[in-house]
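Enquirer: Here you go, one structure.
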Amino acid sequence: MRGEGDVGGALEAQSKQGITIMLVDDQELVRTGFRMVLDAQDDMSVVGEAGDGLEATQLLQSRPADVVVMDVRMPRLDGIQTTRQICAAGDRPRVLMLTTFDLDEYAYAALKAGASGFLLKDVPPEELLFAIRAVHSGDAVVAPSTTRRLIDRFAPLFPAQNSPAPPGLDMLTSREREVLAHVAQGLSNAEIAQRLFVSEATVKTHVGRVLAKLGLRDRVQAVVFAYETGLVRAGGLG
């Protein structure tokens, strides 16, 4: 239970403006450390804290936030189930998932549930700040190099070669499929532009259309979609 100090802090955060953040972790010491870093930023405010997913979903009803920084393993309602509920309710808030181990078994499930990315709990402060700003702006925080590692780790979970054609791909143009395939292989917009001999702005437009047509939140979900549907497989195109 939080007292008047927490309420006062929330009101102060609301008046501060900027990116509003909710911290969800069953370790109070972790939340306190993150809050100190985030509240020190001119463009960020922590508007609430929760010790588990159930408390977080209830608190979000009265204290909306732009970004939820959330642990995976928690009592009552874990981070994956909480992320699924939050993302099913709308475009905001965006979820930044925290993991104890790099690319642990929960990362894939978290991204599939709608998280916009994931970080290690011991991430340097500057990386946490960058990730929150990126997620808030609509980007994914999983860098291309990390995406490639994620693909390698979870390739066995993707469908077999003879899987039926997935729904959704038929809505994309041939160029959009091509761009999606490159995104799924972990290429940045600049790298895709170089491959296709087009401008980076054009690639960005194609990516935006792909996300809109498929109802995906960001590039991370696009990677999951492309591999789950068999458009791309570990090591190359499907």
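We label chains A, B, ... in the order they appear in the structure tokens, count residues from 1 in each chain, and number ligands from 1 in the order shown.
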List every residue of segment 29-232 of chain A that DSSP, applied to the backbone of this structure, assigns to helix (DSSP H, G or I), and report them as a PDB file with N, CA and C atoms, in the first residue's frame.

Expert:
ATOM      1  N   LEU A  29      12.888  -2.384  -4.257  1.00  0.00           N
ATOM      2  CA  LEU A  29      14.201  -1.766  -4.442  1.00  0.00           C
ATOM      3  C   LEU A  29      14.468  -1.473  -5.913  1.00  0.00           C
ATOM      4  N   VAL A  30      14.046  -2.380  -6.787  1.00  0.00           N
ATOM      5  CA  VAL A  30      14.218  -2.172  -8.226  1.00  0.00           C
ATOM      6  C   VAL A  30      13.386  -0.982  -8.680  1.00  0.00           C
ATOM      7  N   ARG A  31      12.141  -0.910  -8.231  1.00  0.00           N
ATOM      8  CA  ARG A  31      11.272   0.201  -8.609  1.00  0.00           C
ATOM      9  C   ARG A  31      11.852   1.526  -8.118  1.00  0.00           C
ATOM     10  N   THR A  32      12.365   1.526  -6.899  1.00  0.00           N
ATOM     11  CA  THR A  32      12.932   2.756  -6.339  1.00  0.00           C
ATOM     12  C   THR A  32      14.121   3.238  -7.156  1.00  0.00           C
ATOM     13  N   GLY A  33      14.977   2.301  -7.567  1.00  0.00           N
ATOM     14  CA  GLY A  33      16.133   2.664  -8.371  1.00  0.00           C
ATOM     15  C   GLY A  33      15.741   3.246  -9.709  1.00  0.00           C
ATOM     16  N   PHE A  34      14.771   2.615 -10.360  1.00  0.00           N
ATOM     17  CA  PHE A  34      14.305   3.121 -11.648  1.00  0.00           C
ATOM     18  C   PHE A  34      13.645   4.485 -11.499  1.00  0.00           C
ATOM     19  N   ARG A  35      12.850   4.634 -10.453  1.00  0.00           N
ATOM     20  CA  ARG A  35      12.154   5.912 -10.248  1.00  0.00           C
ATOM     21  C   ARG A  35      13.154   7.056 -10.088  1.00  0.00           C
ATOM     22  N   MET A  36      14.227   6.837  -9.358  1.00  0.00           N
ATOM     23  CA  MET A  36      15.227   7.878  -9.151  1.00  0.00           C
ATOM     24  C   MET A  36      15.824   8.323 -10.483  1.00  0.00           C
ATOM     25  N   VAL A  37      16.090   7.366 -11.354  1.00  0.00           N
ATOM     26  CA  VAL A  37      16.676   7.686 -12.659  1.00  0.00           C
ATOM     27  C   VAL A  37      15.665   8.412 -13.544  1.00  0.00           C
ATOM     28  N   LEU A  38      14.440   7.911 -13.589  1.00  0.00           N
ATOM     29  CA  LEU A  38      13.430   8.449 -14.502  1.00  0.00           C
ATOM     30  C   LEU A  38      12.930   9.828 -14.068  1.00  0.00           C
ATOM     31  N   ASP A  39      12.682   9.998 -12.782  1.00  0.00           N
ATOM     32  CA  ASP A  39      12.171  11.280 -12.300  1.00  0.00           C
ATOM     33  C   ASP A  39      13.205  12.398 -12.404  1.00  0.00           C
ATOM     34  N   GLY A  53       1.148  -7.696 -11.725  1.00  0.00           N
ATOM     35  CA  GLY A  53       0.335  -7.335 -12.870  1.00  0.00           C
ATOM     36  C   GLY A  53      -1.096  -6.973 -12.533  1.00  0.00           C
ATOM     37  N   LEU A  54      -1.667  -7.668 -11.580  1.00  0.00           N
ATOM     38  CA  LEU A  54      -3.051  -7.388 -11.195  1.00  0.00           C
ATOM     39  C   LEU A  54      -3.174  -5.972 -10.648  1.00  0.00           C
ATOM     40  N   GLU A  55      -2.261  -5.607  -9.779  1.00  0.00           N
ATOM     41  CA  GLU A  55      -2.264  -4.255  -9.223  1.00  0.00           C
ATOM     42  C   GLU A  55      -2.041  -3.224 -10.321  1.00  0.00           C
ATOM     43  N   ALA A  56      -1.192  -3.559 -11.289  1.00  0.00           N
ATOM     44  CA  ALA A  56      -0.885  -2.630 -12.383  1.00  0.00           C
ATOM     45  C   ALA A  56      -2.113  -2.349 -13.236  1.00  0.00           C
ATOM     46  N   THR A  57      -2.850  -3.397 -13.620  1.00  0.00           N
ATOM     47  CA  THR A  57      -4.029  -3.206 -14.463  1.00  0.00           C
ATOM     48  C   THR A  57      -5.102  -2.388 -13.749  1.00  0.00           C
ATOM     49  N   GLN A  58      -5.199  -2.585 -12.444  1.00  0.00           N
ATOM     50  CA  GLN A  58      -6.172  -1.807 -11.679  1.00  0.00           C
ATOM     51  C   GLN A  58      -5.739  -0.349 -11.571  1.00  0.00           C
ATOM     52  N   LEU A  59      -4.462  -0.130 -11.336  1.00  0.00           N
ATOM     53  CA  LEU A  59      -3.941   1.223 -11.164  1.00  0.00           C
ATOM     54  C   LEU A  59      -4.002   2.026 -12.459  1.00  0.00           C
ATOM     55  N   LEU A  60      -3.818   1.341 -13.590  1.00  0.00           N
ATOM     56  CA  LEU A  60      -3.840   2.038 -14.878  1.00  0.00           C
ATOM     57  C   LEU A  60      -5.210   2.642 -15.188  1.00  0.00           C
ATOM     58  N   GLY A  79       4.119 -10.810 -15.972  1.00  0.00           N
ATOM     59  CA  GLY A  79       4.280  -9.752 -16.955  1.00  0.00           C
ATOM     60  C   GLY A  79       3.691 -10.065 -18.318  1.00  0.00           C
ATOM     61  N   ILE A  80       3.753 -11.317 -18.730  1.00  0.00           N
ATOM     62  CA  ILE A  80       3.233 -11.693 -20.053  1.00  0.00           C
ATOM     63  C   ILE A  80       1.714 -11.576 -20.093  1.00  0.00           C
ATOM     64  N   GLN A  81       1.044 -12.123 -19.086  1.00  0.00           N
ATOM     65  CA  GLN A  81      -0.413 -12.023 -19.042  1.00  0.00           C
ATOM     66  C   GLN A  81      -0.854 -10.564 -18.905  1.00  0.00           C
ATOM     67  N   THR A  82      -0.123  -9.806 -18.110  1.00  0.00           N
ATOM     68  CA  THR A  82      -0.454  -8.394 -17.933  1.00  0.00           C
ATOM     69  C   THR A  82      -0.275  -7.631 -19.234  1.00  0.00           C
ATOM     70  N   THR A  83       0.815  -7.904 -19.943  1.00  0.00           N
ATOM     71  CA  THR A  83       1.065  -7.252 -21.231  1.00  0.00           C
ATOM     72  C   THR A  83      -0.045  -7.565 -22.214  1.00  0.00           C
ATOM     73  N   ARG A  84      -0.468  -8.809 -22.229  1.00  0.00           N
ATOM     74  CA  ARG A  84      -1.538  -9.214 -23.149  1.00  0.00           C
ATOM     75  C   ARG A  84      -2.820  -8.425 -22.859  1.00  0.00           C
ATOM     76  N   GLN A  85      -3.147  -8.264 -21.592  1.00  0.00           N
ATOM     77  CA  GLN A  85      -4.353  -7.516 -21.221  1.00  0.00           C
ATOM     78  C   GLN A  85      -4.221  -6.031 -21.578  1.00  0.00           C
ATOM     79  N   ILE A  86      -3.072  -5.463 -21.281  1.00  0.00           N
ATOM     80  CA  ILE A  86      -2.856  -4.036 -21.546  1.00  0.00           C
ATOM     81  C   ILE A  86      -2.922  -3.746 -23.041  1.00  0.00           C
ATOM     82  N   CYS A  87      -2.235  -4.564 -23.835  1.00  0.00           N
ATOM     83  CA  CYS A  87      -2.173  -4.322 -25.279  1.00  0.00           C
ATOM     84  C   CYS A  87      -3.503  -4.606 -25.970  1.00  0.00           C
ATOM     85  N   ALA A  88      -4.279  -5.505 -25.414  1.00  0.00           N
ATOM     86  CA  ALA A  88      -5.585  -5.803 -26.004  1.00  0.00           C
ATOM     87  C   ALA A  88      -6.570  -4.661 -25.788  1.00  0.00           C
ATOM     88  N   ALA A 107      10.992 -14.032 -23.375  1.00  0.00           N
ATOM     89  CA  ALA A 107      11.090 -12.904 -24.294  1.00  0.00           C
ATOM     90  C   ALA A 107      10.152 -13.046 -25.487  1.00  0.00           C
ATOM     91  N   TYR A 108      10.152 -14.209 -26.117  1.00  0.00           N
ATOM     92  CA  TYR A 108       9.309 -14.422 -27.291  1.00  0.00           C
ATOM     93  C   TYR A 108       7.836 -14.256 -26.940  1.00  0.00           C
ATOM     94  N   ALA A 109       7.424 -14.861 -25.833  1.00  0.00           N
ATOM     95  CA  ALA A 109       6.026 -14.762 -25.413  1.00  0.00           C
ATOM     96  C   ALA A 109       5.650 -13.328 -25.096  1.00  0.00           C
ATOM     97  N   ALA A 110       6.582 -12.580 -24.506  1.00  0.00           N
ATOM     98  CA  ALA A 110       6.311 -11.180 -24.169  1.00  0.00           C
ATOM     99  C   ALA A 110       6.108 -10.337 -25.414  1.00  0.00           C
ATOM    100  N   LEU A 111       6.959 -10.520 -26.405  1.00  0.00           N
ATOM    101  CA  LEU A 111       6.845  -9.758 -27.640  1.00  0.00           C
ATOM    102  C   LEU A 111       5.569 -10.139 -28.386  1.00  0.00           C
ATOM    103  N   LYS A 112       5.246 -11.415 -28.388  1.00  0.00           N
ATOM    104  CA  LYS A 112       4.019 -11.864 -29.054  1.00  0.00           C
ATOM    105  C   LYS A 112       2.786 -11.302 -28.348  1.00  0.00           C
ATOM    106  N   ALA A 113       2.884 -11.140 -27.042  1.00  0.00           N
ATOM    107  CA  ALA A 113       1.751 -10.607 -26.266  1.00  0.00           C
ATOM    108  C   ALA A 113       1.513  -9.129 -26.550  1.00  0.00           C
ATOM    109  N   PRO A 125      21.615   2.993 -17.195  1.00  0.00           N
ATOM    110  CA  PRO A 125      20.549   4.006 -17.181  1.00  0.00           C
ATOM    111  C   PRO A 125      20.310   4.667 -18.533  1.00  0.00           C
ATOM    112  N   GLU A 126      21.392   4.977 -19.271  1.00  0.00           N
ATOM    113  CA  GLU A 126      21.207   5.664 -20.554  1.00  0.00           C
ATOM    114  C   GLU A 126      20.468   4.786 -21.562  1.00  0.00           C
ATOM    115  N   GLU A 127      20.655   3.459 -21.484  1.00  0.00           N
ATOM    116  CA  GLU A 127      19.946   2.565 -22.393  1.00  0.00           C
ATOM    117  C   GLU A 127      18.465   2.467 -22.017  1.00  0.00           C
ATOM    118  N   LEU A 128      18.189   2.481 -20.730  1.00  0.00           N
ATOM    119  CA  LEU A 128      16.796   2.459 -20.281  1.00  0.00           C
ATOM    120  C   LEU A 128      16.073   3.714 -20.748  1.00  0.00           C
ATOM    121  N   LEU A 129      16.715   4.860 -20.613  1.00  0.00           N
ATOM    122  CA  LEU A 129      16.109   6.122 -21.027  1.00  0.00           C
ATOM    123  C   LEU A 129      15.872   6.142 -22.533  1.00  0.00           C
ATOM    124  N   PHE A 130      16.857   5.687 -23.293  1.00  0.00           N
ATOM    125  CA  PHE A 130      16.707   5.626 -24.749  1.00  0.00           C
ATOM    126  C   PHE A 130      15.545   4.718 -25.124  1.00  0.00           C
ATOM    127  N   ALA A 131      15.450   3.562 -24.461  1.00  0.00           N
ATOM    128  CA  ALA A 131      14.405   2.594 -24.770  1.00  0.00           C
ATOM    129  C   ALA A 131      13.020   3.165 -24.495  1.00  0.00           C
ATOM    130  N   ILE A 132      12.869   3.848 -23.374  1.00  0.00           N
ATOM    131  CA  ILE A 132      11.565   4.418 -23.030  1.00  0.00           C
ATOM    132  C   ILE A 132      11.156   5.476 -24.054  1.00  0.00           C
ATOM    133  N   ARG A 133      12.091   6.320 -24.433  1.00  0.00           N
ATOM    134  CA  ARG A 133      11.783   7.350 -25.438  1.00  0.00           C
ATOM    135  C   ARG A 133      11.437   6.718 -26.780  1.00  0.00           C
ATOM    136  N   ALA A 134      12.151   5.655 -27.141  1.00  0.00           N
ATOM    137  CA  ALA A 134      11.892   4.982 -28.409  1.00  0.00           C
ATOM    138  C   ALA A 134      10.511   4.334 -28.415  1.00  0.00           C
ATOM    139  N   VAL A 135      10.193   3.641 -27.333  1.00  0.00           N
ATOM    140  CA  VAL A 135       8.885   2.992 -27.217  1.00  0.00           C
ATOM    141  C   VAL A 135       7.771   4.032 -27.247  1.00  0.00           C
ATOM    142  N   HIS A 136       7.981   5.128 -26.550  1.00  0.00           N
ATOM    143  CA  HIS A 136       6.971   6.187 -26.506  1.00  0.00           C
ATOM    144  C   HIS A 136       6.712   6.767 -27.897  1.00  0.00           C
ATOM    145  N   PRO A 144      18.472  -4.276 -34.371  1.00  0.00           N
ATOM    146  CA  PRO A 144      18.615  -5.325 -35.397  1.00  0.00           C
ATOM    147  C   PRO A 144      19.512  -6.479 -34.963  1.00  0.00           C
ATOM    148  N   SER A 145      20.638  -6.189 -34.314  1.00  0.00           N
ATOM    149  CA  SER A 145      21.542  -7.261 -33.893  1.00  0.00           C
ATOM    150  C   SER A 145      20.870  -8.174 -32.882  1.00  0.00           C
ATOM    151  N   THR A 146      20.098  -7.583 -31.976  1.00  0.00           N
ATOM    152  CA  THR A 146      19.385  -8.368 -30.977  1.00  0.00           C
ATOM    153  C   THR A 146      18.253  -9.149 -31.624  1.00  0.00           C
ATOM    154  N   THR A 147      17.625  -8.546 -32.638  1.00  0.00           N
ATOM    155  CA  THR A 147      16.561  -9.238 -33.365  1.00  0.00           C
ATOM    156  C   THR A 147      17.099 -10.515 -33.988  1.00  0.00           C
ATOM    157  N   ARG A 148      18.293 -10.437 -34.555  1.00  0.00           N
ATOM    158  CA  ARG A 148      18.879 -11.622 -35.172  1.00  0.00           C
ATOM    159  C   ARG A 148      19.115 -12.710 -34.132  1.00  0.00           C
ATOM    160  N   ARG A 149      19.580 -12.323 -32.952  1.00  0.00           N
ATOM    161  CA  ARG A 149      19.808 -13.289 -31.890  1.00  0.00           C
ATOM    162  C   ARG A 149      18.482 -13.879 -31.416  1.00  0.00           C
ATOM    163  N   LEU A 150      17.452 -13.052 -31.354  1.00  0.00           N
ATOM    164  CA  LEU A 150      16.134 -13.523 -30.950  1.00  0.00           C
ATOM    165  C   LEU A 150      15.628 -14.558 -31.942  1.00  0.00           C
ATOM    166  N   ILE A 151      15.823 -14.284 -33.232  1.00  0.00           N
ATOM    167  CA  ILE A 151      15.399 -15.207 -34.277  1.00  0.00           C
ATOM    168  C   ILE A 151      16.100 -16.554 -34.115  1.00  0.00           C
ATOM    169  N   ASP A 152      17.414 -16.510 -33.916  1.00  0.00           N
ATOM    170  CA  ASP A 152      18.176 -17.744 -33.771  1.00  0.00           C
ATOM    171  C   ASP A 152      17.701 -18.551 -32.567  1.00  0.00           C
ATOM    172  N   ARG A 153      17.391 -17.849 -31.484  1.00  0.00           N
ATOM    173  CA  ARG A 153      17.007 -18.526 -30.244  1.00  0.00           C
ATOM    174  C   ARG A 153      15.650 -19.205 -30.383  1.00  0.00           C
ATOM    175  N   PHE A 154      14.703 -18.524 -31.052  1.00  0.00           N
ATOM    176  CA  PHE A 154      13.334 -19.029 -31.088  1.00  0.00           C
ATOM    177  C   PHE A 154      12.924 -19.653 -32.421  1.00  0.00           C
ATOM    178  N   ALA A 155      13.878 -19.835 -33.324  1.00  0.00           N
ATOM    179  CA  ALA A 155      13.573 -20.442 -34.613  1.00  0.00           C
ATOM    180  C   ALA A 155      12.833 -21.780 -34.488  1.00  0.00           C
ATOM    181  N   PRO A 156      13.184 -22.638 -33.501  1.00  0.00           N
ATOM    182  CA  PRO A 156      12.460 -23.916 -33.373  1.00  0.00           C
ATOM    183  C   PRO A 156      10.969 -23.759 -33.081  1.00  0.00           C
ATOM    184  N   LEU A 157      10.561 -22.589 -32.611  1.00  0.00           N
ATOM    185  CA  LEU A 157       9.145 -22.389 -32.283  1.00  0.00           C
ATOM    186  C   LEU A 157       8.313 -21.998 -33.495  1.00  0.00           C
ATOM    187  N   LEU A 169      -1.043 -12.101 -45.231  1.00  0.00           N
ATOM    188  CA  LEU A 169      -0.003 -11.818 -46.222  1.00  0.00           C
ATOM    189  C   LEU A 169      -0.588 -11.438 -47.575  1.00  0.00           C
ATOM    190  N   ASP A 170      -1.772 -11.950 -47.863  1.00  0.00           N
ATOM    191  CA  ASP A 170      -2.378 -11.640 -49.163  1.00  0.00           C
ATOM    192  C   ASP A 170      -2.813 -10.181 -49.263  1.00  0.00           C
ATOM    193  N   MET A 171      -2.834  -9.479 -48.135  1.00  0.00           N
ATOM    194  CA  MET A 171      -3.190  -8.054 -48.157  1.00  0.00           C
ATOM    195  C   MET A 171      -2.000  -7.182 -48.548  1.00  0.00           C
ATOM    196  N   SER A 174       3.677  -7.109 -53.311  1.00  0.00           N
ATOM    197  CA  SER A 174       4.927  -7.857 -53.388  1.00  0.00           C
ATOM    198  C   SER A 174       6.075  -7.067 -52.760  1.00  0.00           C
ATOM    199  N   ARG A 175       6.072  -5.755 -52.958  1.00  0.00           N
ATOM    200  CA  ARG A 175       7.117  -4.920 -52.376  1.00  0.00           C
ATOM    201  C   ARG A 175       7.004  -4.892 -50.848  1.00  0.00           C
ATOM    202  N   GLU A 176       5.779  -4.817 -50.342  1.00  0.00           N
ATOM    203  CA  GLU A 176       5.574  -4.809 -48.899  1.00  0.00           C
ATOM    204  C   GLU A 176       6.017  -6.124 -48.269  1.00  0.00           C
ATOM    205  N   ARG A 177       5.763  -7.231 -48.963  1.00  0.00           N
ATOM    206  CA  ARG A 177       6.232  -8.528 -48.463  1.00  0.00           C
ATOM    207  C   ARG A 177       7.757  -8.563 -48.420  1.00  0.00           C
ATOM    208  N   GLU A 178       8.352  -7.995 -49.444  1.00  0.00           N
ATOM    209  CA  GLU A 178       9.806  -7.960 -49.527  1.00  0.00           C
ATOM    210  C   GLU A 178      10.398  -7.151 -48.371  1.00  0.00           C
ATOM    211  N   VAL A 179       9.779  -6.004 -48.111  1.00  0.00           N
ATOM    212  CA  VAL A 179      10.240  -5.157 -47.012  1.00  0.00           C
ATOM    213  C   VAL A 179      10.045  -5.871 -45.679  1.00  0.00           C
ATOM    214  N   LEU A 180       8.899  -6.514 -45.491  1.00  0.00           N
ATOM    215  CA  LEU A 180       8.632  -7.251 -44.261  1.00  0.00           C
ATOM    216  C   LEU A 180       9.663  -8.358 -44.059  1.00  0.00           C
ATOM    217  N   ALA A 181      10.020  -9.042 -45.126  1.00  0.00           N
ATOM    218  CA  ALA A 181      11.014 -10.114 -45.033  1.00  0.00           C
ATOM    219  C   ALA A 181      12.357  -9.563 -44.557  1.00  0.00           C
ATOM    220  N   HIS A 182      12.736  -8.412 -45.084  1.00  0.00           N
ATOM    221  CA  HIS A 182      14.003  -7.809 -44.673  1.00  0.00           C
ATOM    222  C   HIS A 182      13.951  -7.344 -43.219  1.00  0.00           C
ATOM    223  N   VAL A 183      12.813  -6.794 -42.814  1.00  0.00           N
ATOM    224  CA  VAL A 183      12.649  -6.384 -41.413  1.00  0.00           C
ATOM    225  C   VAL A 183      12.802  -7.602 -40.509  1.00  0.00           C
ATOM    226  N   ALA A 184      12.189  -8.705 -40.900  1.00  0.00           N
ATOM    227  CA  ALA A 184      12.231  -9.918 -40.096  1.00  0.00           C
ATOM    228  C   ALA A 184      13.628 -10.516 -40.017  1.00  0.00           C
ATOM    229  N   ASN A 189      16.121   0.192 -41.491  1.00  0.00           N
ATOM    230  CA  ASN A 189      15.564   0.871 -42.659  1.00  0.00           C
ATOM    231  C   ASN A 189      16.651   1.264 -43.647  1.00  0.00           C
ATOM    232  N   ALA A 190      17.775   1.731 -43.129  1.00  0.00           N
ATOM    233  CA  ALA A 190      18.885   2.141 -44.001  1.00  0.00           C
ATOM    234  C   ALA A 190      19.425   0.953 -44.783  1.00  0.00           C
ATOM    235  N   GLU A 191      19.555  -0.184 -44.109  1.00  0.00           N
ATOM    236  CA  GLU A 191      20.067  -1.387 -44.780  1.00  0.00           C
ATOM    237  C   GLU A 191      19.082  -1.888 -45.833  1.00  0.00           C
ATOM    238  N   ILE A 192      17.785  -1.818 -45.518  1.00  0.00           N
ATOM    239  CA  ILE A 192      16.764  -2.246 -46.484  1.00  0.00           C
ATOM    240  C   ILE A 192      16.782  -1.327 -47.694  1.00  0.00           C
ATOM    241  N   ALA A 193      16.897  -0.028 -47.458  1.00  0.00           N
ATOM    242  CA  ALA A 193      16.934   0.941 -48.558  1.00  0.00           C
ATOM    243  C   ALA A 193      18.103   0.645 -49.491  1.00  0.00           C
ATOM    244  N   GLN A 194      19.219   0.299 -48.927  1.00  0.00           N
ATOM    245  CA  GLN A 194      20.403  -0.013 -49.731  1.00  0.00           C
ATOM    246  C   GLN A 194      20.177  -1.283 -50.550  1.00  0.00           C
ATOM    247  N   ARG A 195      19.522  -2.256 -49.961  1.00  0.00           N
ATOM    248  CA  ARG A 195      19.251  -3.528 -50.652  1.00  0.00           C
ATOM    249  C   ARG A 195      18.277  -3.330 -51.817  1.00  0.00           C
ATOM    250  N   LEU A 196      17.278  -2.472 -51.599  1.00  0.00           N
ATOM    251  CA  LEU A 196      16.213  -2.315 -52.595  1.00  0.00           C
ATOM    252  C   LEU A 196      16.429  -1.117 -53.519  1.00  0.00           C
ATOM    253  N   GLU A 200      15.452   5.798 -47.749  1.00  0.00           N
ATOM    254  CA  GLU A 200      15.083   5.331 -46.416  1.00  0.00           C
ATOM    255  C   GLU A 200      13.666   5.755 -46.071  1.00  0.00           C
ATOM    256  N   ALA A 201      13.253   6.930 -46.560  1.00  0.00           N
ATOM    257  CA  ALA A 201      11.886   7.412 -46.321  1.00  0.00           C
ATOM    258  C   ALA A 201      10.863   6.484 -46.967  1.00  0.00           C
ATOM    259  N   THR A 202      11.201   5.971 -48.144  1.00  0.00           N
ATOM    260  CA  THR A 202      10.298   5.042 -48.839  1.00  0.00           C
ATOM    261  C   THR A 202      10.149   3.758 -48.046  1.00  0.00           C
ATOM    262  N   VAL A 203      11.254   3.265 -47.519  1.00  0.00           N
ATOM    263  CA  VAL A 203      11.213   2.049 -46.704  1.00  0.00           C
ATOM    264  C   VAL A 203      10.337   2.283 -45.476  1.00  0.00           C
ATOM    265  N   LYS A 204      10.512   3.426 -44.839  1.00  0.00           N
ATOM    266  CA  LYS A 204       9.720   3.749 -43.660  1.00  0.00           C
ATOM    267  C   LYS A 204       8.234   3.759 -43.987  1.00  0.00           C
ATOM    268  N   THR A 205       7.893   4.290 -45.155  1.00  0.00           N
ATOM    269  CA  THR A 205       6.494   4.311 -45.593  1.00  0.00           C
ATOM    270  C   THR A 205       5.963   2.898 -45.777  1.00  0.00           C
ATOM    271  N   HIS A 206       6.759   2.041 -46.413  1.00  0.00           N
ATOM    272  CA  HIS A 206       6.352   0.649 -46.623  1.00  0.00           C
ATOM    273  C   HIS A 206       6.152  -0.068 -45.286  1.00  0.00           C
ATOM    274  N   VAL A 207       7.076   0.147 -44.359  1.00  0.00           N
ATOM    275  CA  VAL A 207       6.962  -0.494 -43.052  1.00  0.00           C
ATOM    276  C   VAL A 207       5.679  -0.043 -42.353  1.00  0.00           C
ATOM    277  N   GLY A 208       5.395   1.249 -42.441  1.00  0.00           N
ATOM    278  CA  GLY A 208       4.179   1.775 -41.830  1.00  0.00           C
ATOM    279  C   GLY A 208       2.922   1.139 -42.409  1.00  0.00           C
ATOM    280  N   ARG A 209       2.912   0.950 -43.733  1.00  0.00           N
ATOM    281  CA  ARG A 209       1.756   0.322 -44.384  1.00  0.00           C
ATOM    282  C   ARG A 209       1.613  -1.136 -43.987  1.00  0.00           C
ATOM    283  N   VAL A 210       2.730  -1.822 -43.868  1.00  0.00           N
ATOM    284  CA  VAL A 210       2.698  -3.225 -43.453  1.00  0.00           C
ATOM    285  C   VAL A 210       2.105  -3.346 -42.050  1.00  0.00           C
ATOM    286  N   LEU A 211       2.571  -2.510 -41.150  1.00  0.00           N
ATOM    287  CA  LEU A 211       2.066  -2.556 -39.770  1.00  0.00           C
ATOM    288  C   LEU A 211       0.575  -2.253 -39.731  1.00  0.00           C
ATOM    289  N   ALA A 212       0.147  -1.256 -40.525  1.00  0.00           N
ATOM    290  CA  ALA A 212      -1.263  -0.870 -40.540  1.00  0.00           C
ATOM    291  C   ALA A 212      -2.144  -1.985 -41.104  1.00  0.00           C
ATOM    292  N   LYS A 213      -1.723  -2.573 -42.205  1.00  0.00           N
ATOM    293  CA  LYS A 213      -2.527  -3.614 -42.846  1.00  0.00           C
ATOM    294  C   LYS A 213      -2.650  -4.865 -41.980  1.00  0.00           C
ATOM    295  N   LEU A 214      -1.579  -5.192 -41.280  1.00  0.00           N
ATOM    296  CA  LEU A 214      -1.570  -6.414 -40.480  1.00  0.00           C
ATOM    297  C   LEU A 214      -2.008  -6.182 -39.039  1.00  0.00           C
ATOM    298  N   ARG A 219       7.849  -2.938 -35.168  1.00  0.00           N
ATOM    299  CA  ARG A 219       8.717  -3.830 -35.923  1.00  0.00           C
ATOM    300  C   ARG A 219       8.924  -5.177 -35.228  1.00  0.00           C
ATOM    301  N   VAL A 220       8.928  -5.166 -33.918  1.00  0.00           N
ATOM    302  CA  VAL A 220       9.115  -6.421 -33.199  1.00  0.00           C
ATOM    303  C   VAL A 220       7.984  -7.384 -33.502  1.00  0.00           C
ATOM    304  N   GLN A 221       6.768  -6.876 -33.466  1.00  0.00           N
ATOM    305  CA  GLN A 221       5.623  -7.728 -33.784  1.00  0.00           C
ATOM    306  C   GLN A 221       5.662  -8.163 -35.248  1.00  0.00           C
ATOM    307  N   ALA A 222       6.214  -7.309 -36.108  1.00  0.00           N
ATOM    308  CA  ALA A 222       6.351  -7.670 -37.514  1.00  0.00           C
ATOM    309  C   ALA A 222       7.305  -8.850 -37.678  1.00  0.00           C
ATOM    310  N   VAL A 223       8.382  -8.855 -36.897  1.00  0.00           N
ATOM    311  CA  VAL A 223       9.330  -9.967 -36.934  1.00  0.00           C
ATOM    312  C   VAL A 223       8.640 -11.259 -36.495  1.00  0.00           C
ATOM    313  N   VAL A 224       7.913 -11.180 -35.394  1.00  0.00           N
ATOM    314  CA  VAL A 224       7.198 -12.358 -34.894  1.00  0.00           C
ATOM    315  C   VAL A 224       6.221 -12.865 -35.946  1.00  0.00           C
ATOM    316  N   PHE A 225       5.465 -11.951 -36.565  1.00  0.00           N
ATOM    317  CA  PHE A 225       4.480 -12.325 -37.578  1.00  0.00           C
ATOM    318  C   PHE A 225       5.148 -13.018 -38.759  1.00  0.00           C
ATOM    319  N   ALA A 226       6.223 -12.432 -39.261  1.00  0.00           N
ATOM    320  CA  ALA A 226       6.890 -12.972 -40.447  1.00  0.00           C
ATOM    321  C   ALA A 226       7.418 -14.378 -40.219  1.00  0.00           C
ATOM    322  N   TYR A 227       7.936 -14.631 -39.035  1.00  0.00           N
ATOM    323  CA  TYR A 227       8.464 -15.962 -38.747  1.00  0.00           C
ATOM    324  C   TYR A 227       7.367 -16.961 -38.411  1.00  0.00           C
ATOM    325  N   GLU A 228       6.356 -16.511 -37.709  1.00  0.00           N
ATOM    326  CA  GLU A 228       5.253 -17.421 -37.374  1.00  0.00           C
ATOM    327  C   GLU A 228       4.500 -17.858 -38.622  1.00  0.00           C
TER     328      GLU A 228
END

Enquirer: Quick check, in Å to one decimal: how far apart do atom CA of Met74 of chain A and atom CA of Arg92 of chain A lie?

Expert: 21.6 Å

Enquirer: What separation in Å, quoted to one decimal, exists between atom CA of Leu96 of chain A and atom CA of Gln185 of chain A?

Expert: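 Between atom CA of Leu96 of chain A and atom CA of Gln185 of chain A the gap is 21.8 Å.
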
Enquirer: Could you check the closest approach to Asp26 of chain A for each of A:Ala140, A:Leu216, A:Met97, A:Ala50 and tell me which residue wins, using only C-alpha atoms?

Expert: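 Nearest candidate to Asp26 of chain A out of A:Ala140, A:Leu216, A:Met97, A:Ala50: A:Ala50.
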
Enquirer: Would you work out the distance separating atom CA of Met44 of chain A from atom CA of Gly186 of chain A, expressed in Å to one decimal?

Expert: 29.5 Å

Enquirer: What lies within 6 Å of segment 66-73 of chain A using only C-alpha atoms, ignoring chain neighbours under 4 positions off, as a list of chain:residue names?

Expert: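 Here the answer would be A:Thr20, A:Ile21, A:Met22, A:Leu23, A:Val24, A:Asp25, A:Asp78, A:Gly79, A:Pro93, A:Arg94, A:Val95, A:Leu96, A:Met97, A:Leu98.
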